[in-house]
Amino acid sequence: MTTEDEKRLHNDPDGLLTYEYIANHIESIDTDIEALIANLVRVDISGQFTASAARYLHAIDAEHYAGAVGELVAATIAKDREHRYLQDILTGVYGADYAERAAELQAKDDNFRRIYKRLFPNPDSL
């Protein structure tokens with residue numbers, strides 16, 4: 001990432017520029033991934049772009065980007081107070097069958113547990 005890119009992304013008003021940078025430079029972001037994730041978390045107020053980036057990186061290479069995805073999911077949980085993007089995280093990161101595996105996922109993944117608890121606070125009502 002060039003110094004010019006860093007300056008432009010530092011002034012990102014909502015996360016879209018940083019998300020687009022990640023998507024458009026996926027083949028060369030490994031050395032800058034920590035700075036890009038930190039910037040995205042800093043500028044995205046609603047969780048929209050942290051959720052999108054988590055789903056994107058998970059789809060590209062879930063194992064390689066596991067740490068970044070975890071950070072982005074945690075940020076989305078904190079930012080998405082209206083629960084607009086959490087359902088997308090469940091299906092995009094944990095799979096369409098997350099409901100059938102909910103007990104297993106809650107036991108091994110704190111981010112999943114936190115999302116599931118927010119979306120389904122009373123599991124007996126499902």
# chains A, B, ... in the order shown; residues from 1 in each chain; ligands from 1
>>> residues_around(residues="Met1 in chain A", least_positions_apart="4", cutoff="8 Å", atoms="only C-alpha atoms", output="list in words")
Asp5, Glu6, Ile29 and Asp32 of chain A
>>> closest_residue(among="A:Ala102, A:Ile45, A:Leu16, A:Ala107", to="Phe120 in chain A", atoms="only C-alpha atoms")
A:Ala102
>>> closest_residue(among="A:Asn39, A:Gln106, A:Thr91, A:Gln48", to="Ala78 in chain A", atoms="only C-alpha atoms")
A:Gln48
>>> residues_around(residues="Gly15 in chain A", least_positions_apart="3", cutoff="10 Å", atoms="only C-alpha atoms", output="list in words")
Leu9, His10, Asn11, Asp12, Thr18, Tyr19, Glu20, Tyr21, Asn39, Leu40, Val41, Arg42, Val43, Asp44, Ile45, Ser46, Gly47, Gln48, Phe49, Thr50 and Ala53 of chain A
>>> atom_distance(atom1="CA of Asp97 in chain A", atom2="CA of Tyr56 in chain A")
18.5 Å
>>> atom_distance(atom1="CA of Pro121 in chain A", atom2="CA of Val73 in chain A")
18.6 Å
>>> select_by_dssp(residues="range 34-101 of chain A", states="alpha helix (DSSP H)", output="number ranges by chain")
A: 34-43, 48-61, 66-79, 86-94
>>> atom_distance(atom1="CA of Gly95 in chain A", atom2="CA of Thr31 in chain A")
28.2 Å
>>> residues_around(residues="Ala66 in chain A", least_positions_apart="5", cutoff="12 Å", atoms="only C-alpha atoms", output="MDAnalysis selection string")
chainID A and resid 33 53:61 71:73 93
>>> closest_residue(among="A:Ala74, A:Thr2, A:Ser28, A:Asp80", to="Arg113 in chain A", atoms="only C-alpha atoms")
A:Ala74
